[in-house]
Number of protein chains: 2
Amino acid sequence: MSVKITVPATSANLGIGYDCLGMAVSLYSEFTFERADELQISGCSEKYRNENNLVYRSFELALAHWGEEPFPIKLHIDAAIPVSRGLGSSSTCTVAGIMGAAALTGRIVGRAEAVSIATEMEGHPDNVAPAIMGSLVCSFTPQGELPNCIRYNVNPNLRFVTVIPPYEVKTEEARKIVPQEVPLSTAVWQMGRISGLTRGLESGDVRLIAAACDDKIQEPYRRELIPDYDEVREVCLNGGAATLWISGSGSTLMAVTDDGLVAESLRARLQSMHPDFQVHVLECDTQGVRIQLA
Amino acid sequence: MSVKITVPATSANLGIGYDCLGMAVSLYSEFTFERADELQISGCSEKYRNENNLVYRSFELALAHWGEEPFPIKLHIDAAIPVSRGLGSSSTCTVAGIMGAAALTGRIVGRAEAVSIATEMEGHPDNVAPAIMGSLVCSFTPQGELPNCIRYNVNPNLRFVTVIPPYEVKTEEARKIVPQEVPLSTAVWQMGRISGLTRGLESGDVRLIAAACDDKIQEPYRRELIPDYDEVREVCLNGGAATLWISGSGSTLMAVTDDGLVAESLRARLQSMHPDFQVHVLECDTQGVRIQLA
């Protein structure tokens, strides 16, 4: 028996929601697991074809979590989600490892348990929660407890023009550049806009999305780390997009529109300007990780 | 023709939502307006029976906003909402003046216009928005623009045990005591919990309400200004309430439960402990300001 685990890309922060919002989008990596006599990994570069592979490590940790002995597998990776671009690729590995381990051992693992194990591995739920649950998730974690994940439906008219430059932004550098103290007025500014952005994405009200998506915590600093930020933002906003945010800590930029023609035209325009970028028109993924037996 | 304007009390902040959340509750003040030959005000203390009366000033400002000349009225006030206790009593005056002016001049004023005029008068929408729209409102105001008000339904099972001490907390003092700089981690803490509290109040999930309602911005400081805070909190939480927050800047405290018997028992207990307090069991008001012709 082999099992294919499909995990969506995720965009964390969404501008205003630093370290609490994340959304699953329709770009997927696939991971095929089957029991084998020895560990075999294919579909990734040579250096990841061993026990340090993130997917395999997560697989082993999940087994250990359930008190099960590790066993060798044949793992094939078909990853459409680019690495280190702010689209949650490492979270897809974590989630795939957990769900692969569950499937191969016949264990029933629901969303809450999967999120709890994945959060323990990742240290925060921002990407793994939407990767598992699908849709838009806002999370918060009481001291010493499991995360609370609030899931929002996202209006199906919305399109996310996703611009992936060929360069990375180091998460560590992106974290360092964000001021560790903020004025009280900034905290209040962000709080009200969390409500505005989640409601705007639910209802598809692009005017509300644009009004709410005006971050003071991280975007004013992190935009400096992405050389093409200003140009891409200008093209998208002049072209009719409601807003644009940095996905995770970048370098991916994501523009929002409720007009599919605007989205496709922006993709064509940006792709012709930057042939070395990946430009996708994505939707919100509503399902999250899925499991197929073969 | 006379017109009666009924305005609900409002609880701002709700613990976690400093300067952005507000909820209308089922405690009402009534204001009856009719045209007269000279200004006559009744139902309030002598010193407010003149042109400086808050309701009449709002009435005049609303007329001026529409380019109408002021005219004398007979105004009767029947205010069940106590003054300066954090239940939005001054906002009820503002809202009543606007809606009284609209009704007596036959003007159709919708929620958006009423909120916009009232916010201009009050300086912020925190109390006037829920007083006008009813229910739970989270608001944010883009630079130089009108407020965006996100309205949430509140689960009808929820009861709000409202404890009103006989003393005031000065809003100015309550503002001064709140630190004007916060750690980034505190801003993120609050942001995720806005999502948790609004969803908890919508769904009636008291476990989620309790988890989310853990403020780091104002309650740790403002509780010091309310001598009975600790005792009332302990009685409410030991008695089965999910959480307790300071209403506005106090002195009113509001405990939340989804169990009507717990609510009534808490009221009895607290009222017998403090015969000089007002203790009410309130529900969320879903309608907001209402207008009746007589």
# chains A, B, ... in the order shown; residues from 1 in each chain; ligands from 1
>>> interface_residues(of="chain B", to="chain A", cutoff="10 Å", atoms="only C-alpha atoms", output="PDB file with N, CA, C and O atoms, in the first residue's frame")
ATOM      1  N   ILE B  16      -9.815  42.273  26.051  1.00  0.00           N
ATOM      2  CA  ILE B  16      -8.727  42.144  25.078  1.00  0.00           C
ATOM      3  C   ILE B  16      -8.767  43.225  23.992  1.00  0.00           C
ATOM      4  O   ILE B  16      -7.757  43.496  23.343  1.00  0.00           O
ATOM      5  N   GLY B  17      -9.914  43.889  23.807  1.00  0.00           N
ATOM      6  CA  GLY B  17     -10.094  44.729  22.607  1.00  0.00           C
ATOM      7  C   GLY B  17      -9.963  46.216  22.875  1.00  0.00           C
ATOM      8  O   GLY B  17     -10.814  47.002  22.447  1.00  0.00           O
ATOM      9  N   TYR B  18      -8.862  46.588  23.530  1.00  0.00           N
ATOM     10  CA  TYR B  18      -8.653  47.998  23.903  1.00  0.00           C
ATOM     11  C   TYR B  18      -8.821  48.933  22.702  1.00  0.00           C
ATOM     12  O   TYR B  18      -8.168  48.760  21.668  1.00  0.00           O
ATOM     13  N   ASP B  19      -9.735  49.879  22.851  1.00  0.00           N
ATOM     14  CA  ASP B  19      -9.969  50.911  21.832  1.00  0.00           C
ATOM     15  C   ASP B  19     -10.413  50.372  20.479  1.00  0.00           C
ATOM     16  O   ASP B  19     -10.317  51.083  19.473  1.00  0.00           O
ATOM     17  N   CYS B  20     -10.906  49.127  20.429  1.00  0.00           N
ATOM     18  CA  CYS B  20     -11.469  48.678  19.140  1.00  0.00           C
ATOM     19  C   CYS B  20     -12.755  47.862  19.272  1.00  0.00           C
ATOM     20  O   CYS B  20     -13.590  47.930  18.384  1.00  0.00           O
ATOM     21  N   LEU B  21     -12.955  47.142  20.373  1.00  0.00           N
ATOM     22  CA  LEU B  21     -14.189  46.356  20.508  1.00  0.00           C
ATOM     23  C   LEU B  21     -15.217  47.083  21.363  1.00  0.00           C
ATOM     24  O   LEU B  21     -14.863  47.768  22.326  1.00  0.00           O
ATOM     25  N   VAL B 137     -19.205  45.069  17.894  1.00  0.00           N
ATOM     26  CA  VAL B 137     -18.585  45.784  16.776  1.00  0.00           C
ATOM     27  C   VAL B 137     -17.082  45.908  17.043  1.00  0.00           C
ATOM     28  O   VAL B 137     -16.670  46.276  18.143  1.00  0.00           O
ATOM     29  N   CYS B 138     -16.287  45.604  16.027  1.00  0.00           N
ATOM     30  CA  CYS B 138     -14.859  45.909  16.075  1.00  0.00           C
ATOM     31  C   CYS B 138     -14.615  46.988  15.031  1.00  0.00           C
ATOM     32  O   CYS B 138     -15.039  46.862  13.883  1.00  0.00           O
ATOM     33  N   SER B 139     -13.956  48.060  15.421  1.00  0.00           N
ATOM     34  CA  SER B 139     -13.804  49.161  14.471  1.00  0.00           C
ATOM     35  C   SER B 139     -12.342  49.561  14.317  1.00  0.00           C
ATOM     36  O   SER B 139     -11.525  49.383  15.211  1.00  0.00           O
ATOM     37  N   PHE B 140     -12.044  50.078  13.146  1.00  0.00           N
ATOM     38  CA  PHE B 140     -10.733  50.690  12.910  1.00  0.00           C
ATOM     39  C   PHE B 140     -10.931  51.829  11.928  1.00  0.00           C
ATOM     40  O   PHE B 140     -11.850  51.811  11.119  1.00  0.00           O
ATOM     41  N   THR B 141     -10.085  52.829  12.038  1.00  0.00           N
ATOM     42  CA  THR B 141     -10.290  54.055  11.280  1.00  0.00           C
ATOM     43  C   THR B 141      -9.042  54.402  10.481  1.00  0.00           C
ATOM     44  O   THR B 141      -8.028  54.780  11.057  1.00  0.00           O
ATOM     45  N   PRO B 142      -9.088  54.243   9.157  1.00  0.00           N
ATOM     46  CA  PRO B 142      -7.952  54.671   8.341  1.00  0.00           C
ATOM     47  C   PRO B 142      -7.736  56.183   8.481  1.00  0.00           C
ATOM     48  O   PRO B 142      -8.702  56.937   8.676  1.00  0.00           O
ATOM     49  N   GLN B 143      -6.472  56.587   8.438  1.00  0.00           N
ATOM     50  CA  GLN B 143      -6.084  58.006   8.533  1.00  0.00           C
ATOM     51  C   GLN B 143      -7.025  58.905   7.711  1.00  0.00           C
ATOM     52  O   GLN B 143      -7.151  58.732   6.504  1.00  0.00           O
ATOM     53  N   GLU B 145     -10.149  59.072   7.436  1.00  0.00           N
ATOM     54  CA  GLU B 145     -11.359  58.498   6.841  1.00  0.00           C
ATOM     55  C   GLU B 145     -12.389  58.147   7.896  1.00  0.00           C
ATOM     56  O   GLU B 145     -12.154  58.298   9.087  1.00  0.00           O
ATOM     57  N   ASN B 148     -14.285  51.998   9.863  1.00  0.00           N
ATOM     58  CA  ASN B 148     -14.810  50.725   9.373  1.00  0.00           C
ATOM     59  C   ASN B 148     -15.321  49.955  10.584  1.00  0.00           C
ATOM     60  O   ASN B 148     -14.563  49.741  11.542  1.00  0.00           O
ATOM     61  N   CYS B 149     -16.574  49.542  10.533  1.00  0.00           N
ATOM     62  CA  CYS B 149     -17.176  48.850  11.666  1.00  0.00           C
ATOM     63  C   CYS B 149     -17.525  47.425  11.264  1.00  0.00           C
ATOM     64  O   CYS B 149     -18.361  47.224  10.393  1.00  0.00           O
ATOM     65  N   ILE B 150     -16.894  46.472  11.907  1.00  0.00           N
ATOM     66  CA  ILE B 150     -17.171  45.057  11.628  1.00  0.00           C
ATOM     67  C   ILE B 150     -18.129  44.573  12.700  1.00  0.00           C
ATOM     68  O   ILE B 150     -17.802  44.604  13.884  1.00  0.00           O
ATOM     69  N   ARG B 151     -19.315  44.143  12.279  1.00  0.00           N
ATOM     70  CA  ARG B 151     -20.354  43.752  13.227  1.00  0.00           C
ATOM     71  C   ARG B 151     -20.400  42.233  13.339  1.00  0.00           C
ATOM     72  O   ARG B 151     -20.362  41.525  12.326  1.00  0.00           O
ATOM     73  N   TYR B 152     -20.464  41.746  14.567  1.00  0.00           N
ATOM     74  CA  TYR B 152     -20.546  40.307  14.816  1.00  0.00           C
ATOM     75  C   TYR B 152     -21.850  40.000  15.546  1.00  0.00           C
ATOM     76  O   TYR B 152     -22.214  40.726  16.470  1.00  0.00           O
ATOM     77  N   VAL B 178      -2.202  53.293  31.504  1.00  0.00           N
ATOM     78  CA  VAL B 178      -1.899  52.278  30.488  1.00  0.00           C
ATOM     79  C   VAL B 178      -0.573  52.616  29.804  1.00  0.00           C
ATOM     80  O   VAL B 178      -0.428  53.716  29.265  1.00  0.00           O
ATOM     81  N   PRO B 179       0.427  51.708  29.819  1.00  0.00           N
ATOM     82  CA  PRO B 179       1.721  52.003  29.186  1.00  0.00           C
ATOM     83  C   PRO B 179       1.575  52.322  27.695  1.00  0.00           C
ATOM     84  O   PRO B 179       0.820  51.651  26.990  1.00  0.00           O
ATOM     85  N   GLN B 180       2.303  53.307  27.240  1.00  0.00           N
ATOM     86  CA  GLN B 180       2.164  53.779  25.864  1.00  0.00           C
ATOM     87  C   GLN B 180       3.079  53.057  24.881  1.00  0.00           C
ATOM     88  O   GLN B 180       3.048  53.323  23.678  1.00  0.00           O
ATOM     89  N   GLU B 181       3.931  52.178  25.407  1.00  0.00           N
ATOM     90  CA  GLU B 181       4.749  51.314  24.545  1.00  0.00           C
ATOM     91  C   GLU B 181       4.507  49.876  24.997  1.00  0.00           C
ATOM     92  O   GLU B 181       4.398  49.612  26.195  1.00  0.00           O
ATOM     93  N   VAL B 182       4.436  48.953  24.049  1.00  0.00           N
ATOM     94  CA  VAL B 182       4.251  47.553  24.427  1.00  0.00           C
ATOM     95  C   VAL B 182       5.246  46.692  23.654  1.00  0.00           C
ATOM     96  O   VAL B 182       5.669  47.056  22.549  1.00  0.00           O
ATOM     97  N   PRO B 183       5.641  45.552  24.227  1.00  0.00           N
ATOM     98  CA  PRO B 183       6.482  44.628  23.460  1.00  0.00           C
ATOM     99  C   PRO B 183       5.730  44.146  22.209  1.00  0.00           C
ATOM    100  O   PRO B 183       4.497  44.009  22.238  1.00  0.00           O
ATOM    101  N   LEU B 184       6.473  43.879  21.138  1.00  0.00           N
ATOM    102  CA  LEU B 184       5.878  43.310  19.926  1.00  0.00           C
ATOM    103  C   LEU B 184       5.081  42.052  20.263  1.00  0.00           C
ATOM    104  O   LEU B 184       3.984  41.831  19.728  1.00  0.00           O
ATOM    105  N   SER B 185       5.626  41.240  21.176  1.00  0.00           N
ATOM    106  CA  SER B 185       4.947  39.988  21.522  1.00  0.00           C
ATOM    107  C   SER B 185       3.575  40.253  22.142  1.00  0.00           C
ATOM    108  O   SER B 185       2.656  39.447  21.976  1.00  0.00           O
ATOM    109  N   THR B 186       3.436  41.381  22.837  1.00  0.00           N
ATOM    110  CA  THR B 186       2.129  41.728  23.404  1.00  0.00           C
ATOM    111  C   THR B 186       1.148  42.125  22.295  1.00  0.00           C
ATOM    112  O   THR B 186      -0.022  41.746  22.326  1.00  0.00           O
ATOM    113  N   ALA B 187       1.637  42.879  21.308  1.00  0.00           N
ATOM    114  CA  ALA B 187       0.769  43.245  20.181  1.00  0.00           C
ATOM    115  C   ALA B 187       0.253  41.974  19.496  1.00  0.00           C
ATOM    116  O   ALA B 187      -0.946  41.843  19.212  1.00  0.00           O
ATOM    117  N   VAL B 188       1.158  41.018  19.245  1.00  0.00           N
ATOM    118  CA  VAL B 188       0.756  39.760  18.594  1.00  0.00           C
ATOM    119  C   VAL B 188      -0.210  38.982  19.487  1.00  0.00           C
ATOM    120  O   VAL B 188      -1.216  38.440  19.011  1.00  0.00           O
ATOM    121  N   TRP B 189       0.087  38.949  20.772  1.00  0.00           N
ATOM    122  CA  TRP B 189      -0.788  38.311  21.776  1.00  0.00           C
ATOM    123  C   TRP B 189      -2.223  38.825  21.643  1.00  0.00           C
ATOM    124  O   TRP B 189      -3.179  38.059  21.596  1.00  0.00           O
ATOM    125  N   GLN B 190      -2.352  40.163  21.583  1.00  0.00           N
ATOM    126  CA  GLN B 190      -3.695  40.760  21.514  1.00  0.00           C
ATOM    127  C   GLN B 190      -4.369  40.466  20.171  1.00  0.00           C
ATOM    128  O   GLN B 190      -5.568  40.208  20.118  1.00  0.00           O
ATOM    129  N   MET B 191      -3.590  40.537  19.081  1.00  0.00           N
ATOM    130  CA  MET B 191      -4.161  40.393  17.738  1.00  0.00           C
ATOM    131  C   MET B 191      -4.862  39.044  17.572  1.00  0.00           C
ATOM    132  O   MET B 191      -6.005  38.969  17.121  1.00  0.00           O
ATOM    133  N   GLY B 192      -4.164  37.965  17.951  1.00  0.00           N
ATOM    134  CA  GLY B 192      -4.776  36.643  17.818  1.00  0.00           C
ATOM    135  C   GLY B 192      -6.010  36.501  18.689  1.00  0.00           C
ATOM    136  O   GLY B 192      -6.983  35.841  18.313  1.00  0.00           O
ATOM    137  N   ARG B 193      -5.987  37.134  19.847  1.00  0.00           N
ATOM    138  CA  ARG B 193      -7.103  36.998  20.793  1.00  0.00           C
ATOM    139  C   ARG B 193      -8.327  37.825  20.383  1.00  0.00           C
ATOM    140  O   ARG B 193      -9.440  37.530  20.815  1.00  0.00           O
ATOM    141  N   ILE B 194      -8.135  38.865  19.572  1.00  0.00           N
ATOM    142  CA  ILE B 194      -9.293  39.572  18.990  1.00  0.00           C
ATOM    143  C   ILE B 194     -10.111  38.575  18.179  1.00  0.00           C
ATOM    144  O   ILE B 194     -11.342  38.521  18.259  1.00  0.00           O
ATOM    145  N   SER B 195      -9.403  37.788  17.397  1.00  0.00           N
ATOM    146  CA  SER B 195     -10.051  36.769  16.586  1.00  0.00           C
ATOM    147  C   SER B 195     -10.728  35.729  17.486  1.00  0.00           C
ATOM    148  O   SER B 195     -11.876  35.328  17.246  1.00  0.00           O
ATOM    149  N   GLY B 196     -10.039  35.326  18.541  1.00  0.00           N
ATOM    150  CA  GLY B 196     -10.596  34.328  19.450  1.00  0.00           C
ATOM    151  C   GLY B 196     -11.827  34.828  20.183  1.00  0.00           C
ATOM    152  O   GLY B 196     -12.835  34.123  20.288  1.00  0.00           O
ATOM    153  N   LEU B 197     -11.781  36.073  20.670  1.00  0.00           N
ATOM    154  CA  LEU B 197     -12.915  36.583  21.443  1.00  0.00           C
ATOM    155  C   LEU B 197     -14.136  36.820  20.555  1.00  0.00           C
ATOM    156  O   LEU B 197     -15.256  36.472  20.930  1.00  0.00           O
ATOM    157  N   THR B 198     -13.922  37.399  19.376  1.00  0.00           N
ATOM    158  CA  THR B 198     -15.070  37.649  18.498  1.00  0.00           C
ATOM    159  C   THR B 198     -15.705  36.323  18.085  1.00  0.00           C
ATOM    160  O   THR B 198     -16.927  36.178  18.103  1.00  0.00           O
ATOM    161  N   ARG B 199     -14.880  35.318  17.750  1.00  0.00           N
ATOM    162  CA  ARG B 199     -15.438  34.012  17.380  1.00  0.00           C
ATOM    163  C   ARG B 199     -16.128  33.360  18.579  1.00  0.00           C
ATOM    164  O   ARG B 199     -17.199  32.749  18.437  1.00  0.00           O
ATOM    165  N   GLY B 200     -15.539  33.502  19.761  1.00  0.00           N
ATOM    166  CA  GLY B 200     -16.131  32.908  20.957  1.00  0.00           C
ATOM    167  C   GLY B 200     -17.491  33.520  21.277  1.00  0.00           C
ATOM    168  O   GLY B 200     -18.442  32.813  21.616  1.00  0.00           O
ATOM    169  N   LEU B 208     -13.519  29.089  24.624  1.00  0.00           N
ATOM    170  CA  LEU B 208     -12.732  29.963  23.739  1.00  0.00           C
ATOM    171  C   LEU B 208     -12.732  31.409  24.258  1.00  0.00           C
ATOM    172  O   LEU B 208     -11.697  32.086  24.250  1.00  0.00           O
ATOM    173  N   ALA B 211     -10.276  31.569  27.060  1.00  0.00           N
ATOM    174  CA  ALA B 211      -8.889  31.488  26.588  1.00  0.00           C
ATOM    175  C   ALA B 211      -8.461  32.808  25.944  1.00  0.00           C
ATOM    176  O   ALA B 211      -7.328  33.264  26.119  1.00  0.00           O
ATOM    177  N   ALA B 212      -9.377  33.417  25.186  1.00  0.00           N
ATOM    178  CA  ALA B 212      -9.016  34.628  24.433  1.00  0.00           C
ATOM    179  C   ALA B 212      -8.978  35.869  25.324  1.00  0.00           C
ATOM    180  O   ALA B 212      -8.222  36.807  25.072  1.00  0.00           O
ATOM    181  N   ASP B 214      -7.684  37.414  27.770  1.00  0.00           N
ATOM    182  CA  ASP B 214      -6.544  37.457  28.684  1.00  0.00           C
ATOM    183  C   ASP B 214      -5.690  38.645  28.244  1.00  0.00           C
ATOM    184  O   ASP B 214      -4.707  38.505  27.518  1.00  0.00           O
ATOM    185  N   ILE B 217      -2.759  44.577  27.872  1.00  0.00           N
ATOM    186  CA  ILE B 217      -2.566  45.998  27.585  1.00  0.00           C
ATOM    187  C   ILE B 217      -3.102  46.896  28.689  1.00  0.00           C
ATOM    188  O   ILE B 217      -2.443  47.840  29.100  1.00  0.00           O
TER     189      ILE B 217
END
>>> select_by_dssp(residues="segment 82-249 of chain A", states="helix (DSSP H, G or I)", output="PyMOL selection string")
chain A and resi 89-104+111-122+128-133+171-176+184-203+206-212+219-225+229-238
>>> residues_around(residues="Leu201 of chain B", least_positions_apart="5", cutoff="8 Å", atoms="only C-alpha atoms", output="MDAnalysis selection string")
chainID B and resid 153:155 158 206 209
>>> atom_distance(atom1="atom CA of Gly15 of chain B", atom2="atom CA of Leu253 of chain B")
10.1 Å
>>> atom_distance(atom1="atom CA of Ala255 of chain A", atom2="atom CA of Cys236 of chain A")
6.6 Å
>>> closest_residue(among="A:Cys284, A:Val55, A:Ile117, A:Val169", to="Met23 of chain A", atoms="only C-alpha atoms")
A:Cys284
>>> residues_around(residues="Thr32 of chain B", least_positions_apart="4", cutoff="8 Å", atoms="only C-alpha atoms", output="list of chain:residue names")
B:Ser2, B:Val3, B:Lys4, B:Ile5, B:Lys74, B:Leu75, B:His76, B:Ile77
>>> closest_residue(among="A:Met121, A:Leu225, A:Ala263, A:Ala131", to="Ile177 of chain A", atoms="only C-alpha atoms")
A:Leu225
>>> atom_distance(atom1="atom CA of Ala268 of chain A", atom2="atom CA of Leu244 of chain A")
17.0 Å
>>> closest_residue(among="B:Val163, B:Ile73, B:Ala80, B:Leu14", to="Asp37 of chain B", atoms="only C-alpha atoms")
B:Ile73
>>> residues_around(residues="segment 99-101 of chain A", least_positions_apart="3", cutoff="6 Å", atoms="only C-alpha atoms", output="short mmCIF file (atom, residue, chain, number, x, y, z; two decimals) with N, CA, C and O atoms, in the first residue's frame")
data_model
loop_
_atom_site.label_atom_id
_atom_site.label_comp_id
_atom_site.auth_asym_id
_atom_site.auth_seq_id
_atom_site.Cartn_x
_atom_site.Cartn_y
_atom_site.Cartn_z
N PHE A 59 8.17 12.38 10.12
CA PHE A 59 7.59 11.03 10.14
C PHE A 59 8.04 10.28 11.41
O PHE A 59 7.22 9.72 12.15
N ALA A 96 3.30 16.59 6.04
CA ALA A 96 3.33 15.35 5.26
C ALA A 96 3.89 14.20 6.10
O ALA A 96 3.34 13.08 6.08
N LEU A 104 0.29 5.20 7.28
CA LEU A 104 0.97 3.89 7.17
C LEU A 104 0.77 3.03 8.40
O LEU A 104 0.94 1.81 8.34
#
>>> residues_around(residues="Gly250 of chain B", least_positions_apart="5", cutoff="10 Å", atoms="only C-alpha atoms", output="list in words")
Ser11, Ala12, Ser84, Arg85, Gly86, Leu87, Ile164, Pro165, Tyr167, Glu168, Val169, Lys170, Thr171, Ala174, Arg222, Arg223, Leu225, Ile226, Tyr229 and Trp245 of chain B
>>> write_last_selection(atoms="C-alpha atoms", output="compact mmCIF listing (two decimals), in the first residue's frame")
# COMPACT_ATOMS: atom_id res chain seq x y z
CA SER B 11 -19.37 47.87 27.01
CA ALA B 12 -16.14 48.93 25.31
CA SER B 84 -19.37 57.54 34.39
CA ARG B 85 -19.30 53.83 35.09
CA GLY B 86 -17.95 52.55 31.76
CA LEU B 87 -21.30 51.74 30.18
CA ILE B 164 -21.77 48.44 38.86
CA PRO B 165 -20.01 49.83 41.93
CA TYR B 167 -17.90 54.88 42.59
CA GLU B 168 -16.41 56.26 39.36
CA VAL B 169 -13.12 55.63 37.64
CA LYS B 170 -11.96 58.78 35.88
CA THR B 171 -11.39 57.98 32.19
CA ALA B 174 -7.58 55.12 33.44
CA ARG B 222 -6.74 49.33 35.46
CA ARG B 223 -7.76 46.64 37.92
CA LEU B 225 -8.19 51.52 40.08
CA ILE B 226 -11.19 49.37 41.04
CA TYR B 229 -11.99 44.01 41.15
CA TRP B 245 -13.66 42.14 32.02
>>> residues_around(residues="Ser58 of chain B", least_positions_apart="5", cutoff="8 Å", atoms="only C-alpha atoms", output="list of chain:residue names")
B:Cys93, B:Thr94, B:Val95, B:Ala96, B:Gly97, B:Ile98, B:Met121
>>> select_by_dssp(residues="segment 10-213 of chain A", states="strand (DSSP E or B)", output="ChimeraX atom specification")
/A:10-12,21-35,40-42,73-79,136-140,148-152,159-164,181-183
